>>> print(open('entry.tsv').read())   # TSV, C-alpha atoms
chain	number	residue	atom	x	y	z
A	224	MET	CA	13.89	0.68	11.06
A	225	ASP	CA	13.97	4.47	11.10
A	226	PRO	CA	13.08	5.77	14.59
A	227	GLY	CA	11.57	8.82	12.88
A	228	ASN	CA	8.91	6.52	11.46
A	229	GLN	CA	8.27	4.82	14.82
A	230	ALA	CA	4.64	5.89	15.08
A	231	GLN	CA	3.77	4.06	11.86
A	232	ILE	CA	5.90	1.06	12.82
A	233	ASP	CA	4.11	0.77	16.16
A	234	TYR	CA	0.71	1.29	14.51
A	235	TRP	CA	1.15	-1.53	11.97
A	236	ASN	CA	2.72	-3.95	14.47
A	237	GLY	CA	0.03	-3.50	17.08
A	238	GLU	CA	-3.68	-4.26	17.15
A	239	VAL	CA	-4.29	-2.69	13.73
A	240	GLY	CA	-1.72	-4.84	11.96
A	241	GLN	CA	-3.06	-7.96	13.66
A	242	ARG	CA	-6.65	-7.09	12.70
A	243	TRP	CA	-5.73	-6.40	9.08
A	244	ALA	CA	-3.83	-9.69	8.94
A	245	GLU	CA	-6.79	-11.64	10.32
A	246	ASN	CA	-9.15	-10.02	7.81
A	247	HIS	CA	-6.85	-9.94	4.78
A	248	ARG	CA	-9.24	-11.88	2.53
A	249	ALA	CA	-12.00	-9.30	2.94
A	250	LEU	CA	-9.56	-6.47	2.27
A	251	ASP	CA	-8.18	-8.13	-0.85
A	252	ALA	CA	-11.72	-8.68	-2.15
A	253	VAL	CA	-12.63	-5.02	-1.64
A	254	PHE	CA	-9.45	-3.88	-3.39
A	255	THR	CA	-9.77	-6.30	-6.34
A	256	PRO	CA	-10.72	-3.65	-8.95
A	257	PHE	CA	-7.78	-1.48	-7.88
A	258	THR	CA	-5.39	-4.42	-7.86
A	259	ARG	CA	-6.30	-5.13	-11.47
A	260	ALA	CA	-5.75	-1.49	-12.37
A	261	LEU	CA	-2.34	-1.53	-10.66
A	262	PHE	CA	-1.10	-4.54	-12.59
A	263	ASP	CA	-2.55	-3.28	-15.87
A	264	ALA	CA	-0.49	-0.12	-15.43
A	265	ALA	CA	2.62	-1.94	-14.21
A	266	ASP	CA	2.68	-4.36	-17.17
A	267	LEU	CA	5.28	-6.57	-15.50
A	268	ARG	CA	7.52	-8.56	-17.83
A	269	PRO	CA	8.69	-12.16	-17.45
A	270	GLY	CA	12.03	-12.31	-15.69
A	271	ALA	CA	11.68	-8.92	-14.00
A	272	ARG	CA	12.98	-8.22	-10.49
A	273	VAL	CA	10.15	-6.57	-8.55
A	274	LEU	CA	9.92	-4.76	-5.20
A	275	ASP	CA	6.46	-4.60	-3.59
A	276	ILE	CA	6.39	-1.68	-1.13
A	277	GLY	CA	4.03	-2.01	1.82
A	278	CYS	CA	3.15	-5.51	0.66
A	279	GLY	CA	0.87	-6.19	3.63
A	280	ALA	CA	-0.53	-9.72	3.67
A	281	GLY	CA	1.14	-10.46	0.35
A	282	GLU	CA	-1.56	-10.57	-2.31
A	283	THR	CA	0.13	-8.12	-4.67
A	284	THR	CA	3.53	-9.74	-4.09
A	285	LEU	CA	2.19	-13.15	-5.05
A	286	ILE	CA	0.42	-11.77	-8.14
A	287	ALA	CA	3.68	-10.11	-9.19
A	288	ALA	CA	5.47	-13.43	-8.76
A	289	GLU	CA	2.97	-15.08	-11.10
A	290	ARG	CA	3.37	-12.30	-13.66
A	291	VAL	CA	7.17	-12.36	-13.84
A	292	GLY	CA	7.42	-16.16	-13.73
A	293	PRO	CA	10.15	-18.47	-12.48
A	294	SER	CA	12.92	-16.48	-14.18
A	295	GLY	CA	12.03	-13.37	-12.17
A	296	HIS	CA	12.23	-12.51	-8.49
A	297	VAL	CA	9.93	-10.56	-6.15
A	298	THR	CA	10.63	-8.97	-2.77
A	299	GLY	CA	7.71	-8.04	-0.53
A	300	ALA	CA	8.65	-5.37	2.02
A	301	ASP	CA	6.57	-4.14	4.93
A	302	VAL	CA	7.08	-2.83	8.48
A	303	SER	CA	4.32	-5.06	9.90
A	304	GLU	CA	5.34	-8.45	11.25
A	305	PRO	CA	1.71	-9.65	11.67
A	306	LEU	CA	1.00	-8.95	8.01
A	307	LEU	CA	4.27	-10.50	6.85
A	308	ALA	CA	3.56	-13.63	8.88
A	309	THR	CA	0.26	-14.00	7.01
A	310	ALA	CA	2.03	-13.37	3.71
A	311	ARG	CA	4.56	-16.13	4.39
A	312	THR	CA	1.77	-18.59	5.19
A	313	ARG	CA	-0.04	-17.74	1.96
A	314	ALA	CA	3.16	-18.08	-0.06
A	315	ALA	CA	3.78	-21.57	1.30
A	316	ALA	CA	0.46	-22.74	-0.17
A	317	ARG	CA	0.88	-21.30	-3.66
A	318	ALA	CA	1.12	-23.38	-6.81
A	319	PRO	CA	4.52	-23.93	-8.50
A	320	GLY	CA	5.61	-21.94	-11.53
A	321	ALA	CA	5.84	-18.45	-10.03
A	322	ALA	CA	8.95	-16.43	-9.23
A	323	PRO	CA	10.75	-16.96	-5.94
A	324	VAL	CA	9.67	-14.48	-3.27
A	325	ALA	CA	11.61	-12.92	-0.40
A	326	TRP	CA	9.74	-11.37	2.51
A	327	LEU	CA	11.49	-8.48	4.19
A	328	ARG	CA	10.51	-6.60	7.33
A	329	ALA	CA	11.94	-3.21	6.47
A	330	ASP	CA	11.19	0.49	6.37
A	331	ALA	CA	11.54	1.28	2.66
A	332	GLN	CA	12.46	4.89	3.39
A	333	THR	CA	15.78	3.83	4.93
A	334	HIS	CA	16.49	0.22	3.99
A	335	ALA	CA	19.46	-0.38	1.67
A	336	PHE	CA	18.14	-3.04	-0.69
A	337	ASP	CA	20.71	-5.62	-1.77
A	338	ALA	CA	20.07	-5.69	-5.51
A	339	PRO	CA	18.60	-3.25	-8.03
A	340	PHE	CA	15.03	-3.86	-9.13
A	341	ASP	CA	13.49	-3.47	-12.57
A	342	HIS	CA	10.15	-2.40	-11.14
A	343	ALA	CA	8.79	-1.19	-7.81
A	344	LEU	CA	5.06	-1.22	-7.14
A	345	SER	CA	2.68	-0.52	-4.31
A	346	ARG	CA	-1.05	-0.82	-3.66
A	347	PHE	CA	-1.85	1.99	-1.23
A	348	GLY	CA	1.44	1.60	0.64
A	349	VAL	CA	3.49	4.72	-0.11
A	350	MET	CA	1.44	7.29	1.82
A	351	PHE	CA	2.66	6.28	5.28
A	352	PHE	CA	6.33	7.31	5.23
A	353	ASP	CA	7.42	9.81	7.83
A	354	ASP	CA	9.74	11.45	5.27
A	355	SER	CA	8.29	11.02	1.78
A	356	ALA	CA	11.14	12.80	-0.03
A	357	ARG	CA	13.69	10.52	1.60
A	358	ALA	CA	11.57	7.44	0.94
A	359	PHE	CA	11.10	8.04	-2.77
A	360	ALA	CA	14.78	8.92	-3.19
A	361	GLN	CA	15.64	5.59	-1.53
A	362	LEU	CA	13.26	3.76	-3.84
A	363	HIS	CA	14.78	5.49	-6.87
A	364	ARG	CA	18.22	4.26	-5.78
A	365	ALA	CA	16.83	0.73	-5.54
A	366	LEU	CA	15.88	0.70	-9.24
A	367	VAL	CA	18.00	0.03	-12.31
A	368	GLY	CA	18.62	2.98	-14.61
A	369	ASP	CA	15.48	2.44	-16.67
A	370	GLY	CA	13.47	1.01	-13.78
A	371	ARG	CA	9.84	1.92	-13.17
A	372	LEU	CA	7.68	2.73	-10.16
A	373	THR	CA	3.93	2.11	-10.27
A	374	PHE	CA	1.68	2.80	-7.28
A	375	LEU	CA	-1.86	3.56	-6.22
A	376	CYS	CA	-2.74	6.26	-3.70
A	377	TRP	CA	-6.09	7.68	-2.65
A	378	ARG	CA	-7.49	10.96	-3.91
A	379	ALA	CA	-9.22	13.36	-1.49
A	380	MET	CA	-11.70	12.05	1.06
A	381	ALA	CA	-14.54	13.87	-0.72
A	382	GLU	CA	-13.83	11.77	-3.81
A	383	ASN	CA	-13.92	8.54	-1.79
A	384	PRO	CA	-17.47	7.98	-0.54
A	385	TRP	CA	-16.42	4.73	1.15
A	386	VAL	CA	-14.75	7.04	3.72
A	387	ALA	CA	-16.67	10.32	3.34
A	388	LEU	CA	-20.15	8.87	3.93
A	389	PRO	CA	-19.39	6.87	7.10
A	390	TRP	CA	-17.22	9.74	8.38
A	391	ALA	CA	-20.16	12.16	8.08
A	392	THR	CA	-22.44	9.59	9.72
A	393	VAL	CA	-20.17	8.96	12.71
A	394	LEU	CA	-18.99	12.56	13.19
A	395	PRO	CA	-22.02	13.68	15.32
A	396	LEU	CA	-21.05	10.98	17.83
A	397	VAL	CA	-17.43	12.17	17.96
A	398	PRO	CA	-17.79	15.92	17.40
A	399	ASP	CA	-14.18	16.80	18.24
A	400	ALA	CA	-12.72	14.52	15.57
A	401	ALA	CA	-10.69	16.19	12.85
A	402	PRO	CA	-10.20	14.85	9.31
A	403	PRO	CA	-6.87	13.12	8.70
A	404	PRO	CA	-4.20	15.82	8.19
A	405	SER	CA	-3.21	16.13	4.56
A	406	ASP	CA	0.49	16.68	5.28
A	407	ALA	CA	1.06	13.73	7.65
A	408	PRO	CA	1.35	9.99	7.03
A	409	GLY	CA	-2.08	8.69	6.12
A	410	PRO	CA	-4.29	7.54	3.25
A	411	PHE	CA	-4.91	10.98	1.72
A	412	ARG	CA	-1.39	12.34	1.90
A	413	PHE	CA	-1.00	12.49	-1.88
A	414	ALA	CA	-4.55	13.46	-2.75
A	415	ALA	CA	-3.18	16.60	-4.44
A	416	ARG	CA	-0.87	15.87	-7.35
A	417	GLU	CA	0.78	19.25	-6.88
A	418	ARG	CA	2.17	17.90	-3.60
A	419	LEU	CA	3.18	14.50	-4.99
A	420	LEU	CA	4.83	15.35	-8.30
A	421	PRO	CA	7.59	17.62	-6.92
A	422	ILE	CA	8.53	14.88	-4.43
A	423	LEU	CA	8.85	12.31	-7.22
A	424	GLU	CA	10.82	14.69	-9.41
A	425	GLY	CA	13.11	15.60	-6.52
A	426	ALA	CA	13.76	11.89	-5.94
A	427	GLY	CA	14.96	11.53	-9.53
A	428	PHE	CA	11.90	10.09	-11.25
A	429	ARG	CA	11.12	11.24	-14.80
A	430	ASP	CA	8.35	10.74	-17.36
A	431	ILE	CA	5.80	10.76	-14.54
A	432	VAL	CA	2.18	9.94	-15.35
A	433	CYS	CA	-0.43	10.73	-12.69
A	434	ALA	CA	-3.87	9.50	-13.77
A	435	PRO	CA	-7.19	9.19	-11.89
A	436	THR	CA	-8.38	5.63	-11.38
A	437	ASP	CA	-12.12	5.32	-10.80
A	438	ARG	CA	-13.51	1.94	-9.80
A	439	THR	CA	-16.60	0.69	-8.00
A	440	MET	CA	-15.55	-0.43	-4.53
A	441	VAL	CA	-17.92	-2.88	-2.82
A	442	VAL	CA	-17.19	-2.77	0.90
A	443	GLY	CA	-19.94	-5.22	1.79
A	444	GLU	CA	-22.73	-7.23	0.19
A	445	THR	CA	-25.16	-6.17	2.96
A	446	PRO	CA	-25.49	-2.93	4.94
A	447	GLU	CA	-24.25	-4.74	8.03
A	448	ALA	CA	-21.16	-6.06	6.25
A	449	ALA	CA	-20.43	-2.64	4.76
A	450	ALA	CA	-20.75	-0.96	8.15
A	451	GLY	CA	-18.51	-3.60	9.69
A	452	PHE	CA	-15.83	-2.93	7.09
A	453	VAL	CA	-15.71	0.85	7.41
A	454	VAL	CA	-15.68	0.89	11.22
A	455	THR	CA	-12.79	-1.57	11.42
A	456	ARG	CA	-10.50	-0.29	8.62
A	457	GLY	CA	-9.35	3.11	7.51
A	458	PRO	CA	-9.84	6.64	8.87
A	459	VAL	CA	-13.26	6.00	10.44
A	460	ALA	CA	-11.90	3.03	12.37
A	461	ARG	CA	-9.01	5.13	13.64
A	462	MET	CA	-11.35	7.96	14.68
A	463	LEU	CA	-13.59	5.59	16.64
A	464	ARG	CA	-10.68	3.81	18.30
A	465	GLU	CA	-9.09	7.08	19.44
>>> encode(input="entry.tsv", output="structure tokens")
Amino acid sequence: MDPGNQAQIDYWNGEVGQRWAENHRALDAVFTPFTRALFDAADLRPGARVLDIGCGAGETTLIAAERVGPSGHVTGADVSEPLLATARTRAAARAPGAAPVAWLRADAQTHAFDAPFDHALSRFGVMFFDDSARAFAQLHRALVGDGRLTFLCWRAMAENPWVALPWATVLPLVPDAAPPPSDAPGPFRFAARERLLPILEGAGFRDIVCAPTDRTMVVGETPEAAAGFVVTRGPVARMLRE
């Protein structure tokens, strides 16, 4: 683990990581439309070796294992032990016929991966590195020469009403709260493509496609469920906790 990334490591191994692990089914359900978009874009091939960055409780890792089949291999990497523990439990219950999976507690911005991967992917997991340039360079080194990286990251808060609306609602109660800084680890770090693309190019990536992905995100079937989701996950939860 990189001590420079200690704040994120502590964050995801503490109460937040435990809470996300306990509520992983609800989170996966909310993210379902984005998960489909991620795998449509990734177009994983049978037999591929895949690295899932910030794999969390393992849903995307296990989907990747199904896509590449028994001749492939998938590694799920995350800094959070509570989330990885949940991922291992889920993997033990899966049906046969998928690729073997390795779970790795590692900081992808510094970890020297053992074997090159054909494809790296991430569902909202690449925005939390302390040093993004270093992280993406490390990921580039982990890929074969024609390897691919496919990931989802959030656009600006204003374009994400699931955060913007509850933030505006709660703000009068916490008037000193500031929006998440755009240049620090956090969900909206790569909201501006002009910040992201030079980092990817500097890391060695080429033929970069940056496309908006618009999906309906249902955070709860009732107002109470929706409120419960937004005050326990994401920037609003962090603002209230602090």
>>> closest_residue(input="entry.tsv", among="A:Asp406, A:Asp251, A:Glu382, A:Asp330", to="Leu419 of chain A", atoms="all atoms listed in the file")
A:Asp406
>>> closest_residue(input="entry.tsv", among="A:Ala244, A:Asp266, A:Glu289, A:Phe352", to="Thr312 of chain A", atoms="only C-alpha atoms")
A:Ala244
>>> atom_distance(input="entry.tsv", atom1="atom CA of Pro403 of chain A", atom2="atom CA of Ala379 of chain A")
10.5 Å
>>> residues_around(input="entry.tsv", residues="Trp243 of chain A", least_positions_apart="6", cutoff="12 Å", atoms="all atoms listed in the file", output="PyMOL selection string")
chain A and resi 234-237+249-251+279-281+303-310+452+455-457+460
>>> closest_residue(input="entry.tsv", among="A:Asn383, A:Ser405, A:Thr373, A:Gln241", to="Leu267 of chain A", atoms="all atoms listed in the file")
A:Thr373
>>> closest_residue(input="entry.tsv", among="A:Gly240, A:Pro389, A:Pro435, A:Pro458", to="Pro410 of chain A", atoms="all atoms listed in the file")
A:Pro458
>>> residues_around(input="entry.tsv", residues="Phe254 of chain A", least_positions_apart="3", cutoff="12 Å", atoms="all atoms listed in the file", output="PyMOL selection string")
chain A and resi 247-251+257-261+282-283+346-347+375+385+438-443
>>> closest_residue(input="entry.tsv", among="A:Arg378, A:Arg371, A:Arg328, A:Arg412", to="Asp354 of chain A", atoms="all atoms listed in the file")
A:Arg412
>>> residues_around(input="entry.tsv", residues="Asp275 of chain A", least_positions_apart="4", cutoff="12 Å", atoms="only C-alpha atoms", output="PDB file with C-alpha atoms, keeping the file's coordinate frame")
ATOM      1  CA  LEU A 261      -2.340  -1.530 -10.660  1.00  0.00           C
ATOM      2  CA  PHE A 262      -1.100  -4.540 -12.590  1.00  0.00           C
ATOM      3  CA  ALA A 265       2.620  -1.940 -14.210  1.00  0.00           C
ATOM      4  CA  GLY A 279       0.870  -6.190   3.630  1.00  0.00           C
ATOM      5  CA  ALA A 280      -0.530  -9.720   3.670  1.00  0.00           C
ATOM      6  CA  GLY A 281       1.140 -10.460   0.350  1.00  0.00           C
ATOM      7  CA  GLU A 282      -1.560 -10.570  -2.310  1.00  0.00           C
ATOM      8  CA  THR A 283       0.130  -8.120  -4.670  1.00  0.00           C
ATOM      9  CA  THR A 284       3.530  -9.740  -4.090  1.00  0.00           C
ATOM     10  CA  LEU A 285       2.190 -13.150  -5.050  1.00  0.00           C
ATOM     11  CA  ILE A 286       0.420 -11.770  -8.140  1.00  0.00           C
ATOM     12  CA  ALA A 287       3.680 -10.110  -9.190  1.00  0.00           C
ATOM     13  CA  ALA A 288       5.470 -13.430  -8.760  1.00  0.00           C
ATOM     14  CA  HIS A 296      12.230 -12.510  -8.490  1.00  0.00           C
ATOM     15  CA  VAL A 297       9.930 -10.560  -6.150  1.00  0.00           C
ATOM     16  CA  THR A 298      10.630  -8.970  -2.770  1.00  0.00           C
ATOM     17  CA  GLY A 299       7.710  -8.040  -0.530  1.00  0.00           C
ATOM     18  CA  ALA A 300       8.650  -5.370   2.020  1.00  0.00           C
ATOM     19  CA  ASP A 301       6.570  -4.140   4.930  1.00  0.00           C
ATOM     20  CA  VAL A 324       9.670 -14.480  -3.270  1.00  0.00           C
ATOM     21  CA  ALA A 325      11.610 -12.920  -0.400  1.00  0.00           C
ATOM     22  CA  TRP A 326       9.740 -11.370   2.510  1.00  0.00           C
ATOM     23  CA  LEU A 327      11.490  -8.480   4.190  1.00  0.00           C
ATOM     24  CA  ARG A 328      10.510  -6.600   7.330  1.00  0.00           C
ATOM     25  CA  ALA A 329      11.940  -3.210   6.470  1.00  0.00           C
ATOM     26  CA  ALA A 331      11.540   1.280   2.660  1.00  0.00           C
ATOM     27  CA  PHE A 340      15.030  -3.860  -9.130  1.00  0.00           C
ATOM     28  CA  ASP A 341      13.490  -3.470 -12.570  1.00  0.00           C
ATOM     29  CA  HIS A 342      10.150  -2.400 -11.140  1.00  0.00           C
ATOM     30  CA  ALA A 343       8.790  -1.190  -7.810  1.00  0.00           C
ATOM     31  CA  LEU A 344       5.060  -1.220  -7.140  1.00  0.00           C
ATOM     32  CA  SER A 345       2.680  -0.520  -4.310  1.00  0.00           C
ATOM     33  CA  ARG A 346      -1.050  -0.820  -3.660  1.00  0.00           C
ATOM     34  CA  PHE A 347      -1.850   1.990  -1.230  1.00  0.00           C
ATOM     35  CA  GLY A 348       1.440   1.600   0.640  1.00  0.00           C
ATOM     36  CA  VAL A 349       3.490   4.720  -0.110  1.00  0.00           C
ATOM     37  CA  LEU A 362      13.260   3.760  -3.840  1.00  0.00           C
ATOM     38  CA  ALA A 365      16.830   0.730  -5.540  1.00  0.00           C
ATOM     39  CA  LEU A 372       7.680   2.730 -10.160  1.00  0.00           C
ATOM     40  CA  THR A 373       3.930   2.110 -10.270  1.00  0.00           C
ATOM     41  CA  PHE A 374       1.680   2.800  -7.280  1.00  0.00           C
ATOM     42  CA  LEU A 375      -1.860   3.560  -6.220  1.00  0.00           C
TER      43      LEU A 375
END
>>> atom_distance(input="entry.tsv", atom1="atom CA of Pro398 of chain A", atom2="atom CA of Arg464 of chain A")
14.1 Å
>>> decode(input="entry.tsv", residues="segment 432-449 of chain A", atoms="N, CA and C atoms", output="mmCIF file, in the first residue's frame")
data_model
loop_
_atom_site.group_PDB
_atom_site.id
_atom_site.type_symbol
_atom_site.label_atom_id
_atom_site.label_comp_id
_atom_site.auth_asym_id
_atom_site.auth_seq_id
_atom_site.Cartn_x
_atom_site.Cartn_y
_atom_site.Cartn_z
ATOM 1 N N VAL A 432 -11.282 7.116 -26.266
ATOM 2 C CA VAL A 432 -12.659 7.527 -26.519
ATOM 3 C C VAL A 432 -13.288 7.911 -25.184
ATOM 4 N N CYS A 433 -13.785 9.123 -25.088
ATOM 5 C CA CYS A 433 -14.432 9.615 -23.867
ATOM 6 C C CYS A 433 -15.860 10.010 -24.235
ATOM 7 N N ALA A 434 -16.828 9.198 -23.846
ATOM 8 C CA ALA A 434 -18.209 9.392 -24.286
ATOM 9 C C ALA A 434 -19.142 9.526 -23.091
ATOM 10 N N PRO A 435 -20.117 10.441 -23.155
ATOM 11 C CA PRO A 435 -21.107 10.546 -22.072
ATOM 12 C C PRO A 435 -22.006 9.318 -22.041
ATOM 13 N N THR A 436 -22.324 8.882 -20.839
ATOM 14 C CA THR A 436 -23.205 7.731 -20.638
ATOM 15 C C THR A 436 -24.369 8.184 -19.774
ATOM 16 N N ASP A 437 -25.535 8.313 -20.355
ATOM 17 C CA ASP A 437 -26.717 8.770 -19.637
ATOM 18 C C ASP A 437 -27.658 7.605 -19.388
ATOM 19 N N ARG A 438 -27.952 7.353 -18.140
ATOM 20 C CA ARG A 438 -28.864 6.284 -17.760
ATOM 21 C C ARG A 438 -29.769 6.778 -16.633
ATOM 22 N N THR A 439 -30.949 6.195 -16.547
ATOM 23 C CA THR A 439 -31.834 6.467 -15.414
ATOM 24 C C THR A 439 -31.351 5.660 -14.217
ATOM 25 N N MET A 440 -31.152 6.348 -13.118
ATOM 26 C CA MET A 440 -30.606 5.726 -11.908
ATOM 27 C C MET A 440 -31.677 5.778 -10.817
ATOM 28 N N VAL A 441 -32.212 4.633 -10.454
ATOM 29 C CA VAL A 441 -33.272 4.551 -9.452
ATOM 30 C C VAL A 441 -32.638 4.274 -8.098
ATOM 31 N N VAL A 442 -32.596 5.272 -7.242
ATOM 32 C CA VAL A 442 -31.935 5.102 -5.948
ATOM 33 C C VAL A 442 -32.873 4.582 -4.873
ATOM 34 N N GLY A 443 -34.150 4.455 -5.200
ATOM 35 C CA GLY A 443 -35.100 3.897 -4.251
ATOM 36 C C GLY A 443 -36.485 3.846 -4.853
ATOM 37 N N GLU A 444 -37.246 2.796 -4.521
ATOM 38 C CA GLU A 444 -38.595 2.647 -5.064
ATOM 39 C C GLU A 444 -39.610 3.512 -4.322
ATOM 40 N N THR A 445 -39.240 4.034 -3.150
ATOM 41 C CA THR A 445 -40.095 4.943 -2.382
ATOM 42 C C THR A 445 -39.250 6.147 -1.983
ATOM 43 N N PRO A 446 -39.889 7.268 -1.639
ATOM 44 C CA PRO A 446 -39.110 8.420 -1.171
ATOM 45 C C PRO A 446 -38.229 8.087 0.028
ATOM 46 N N GLU A 447 -38.744 7.252 0.926
ATOM 47 C CA GLU A 447 -37.962 6.899 2.111
ATOM 48 C C GLU A 447 -36.723 6.088 1.735
ATOM 49 N N ALA A 448 -36.889 5.148 0.812
ATOM 50 C CA ALA A 448 -35.751 4.343 0.380
ATOM 51 C C ALA A 448 -34.725 5.200 -0.355
ATOM 52 N N ALA A 449 -35.212 6.119 -1.189
ATOM 53 C CA ALA A 449 -34.296 6.996 -1.919
ATOM 54 C C ALA A 449 -33.515 7.880 -0.959
#
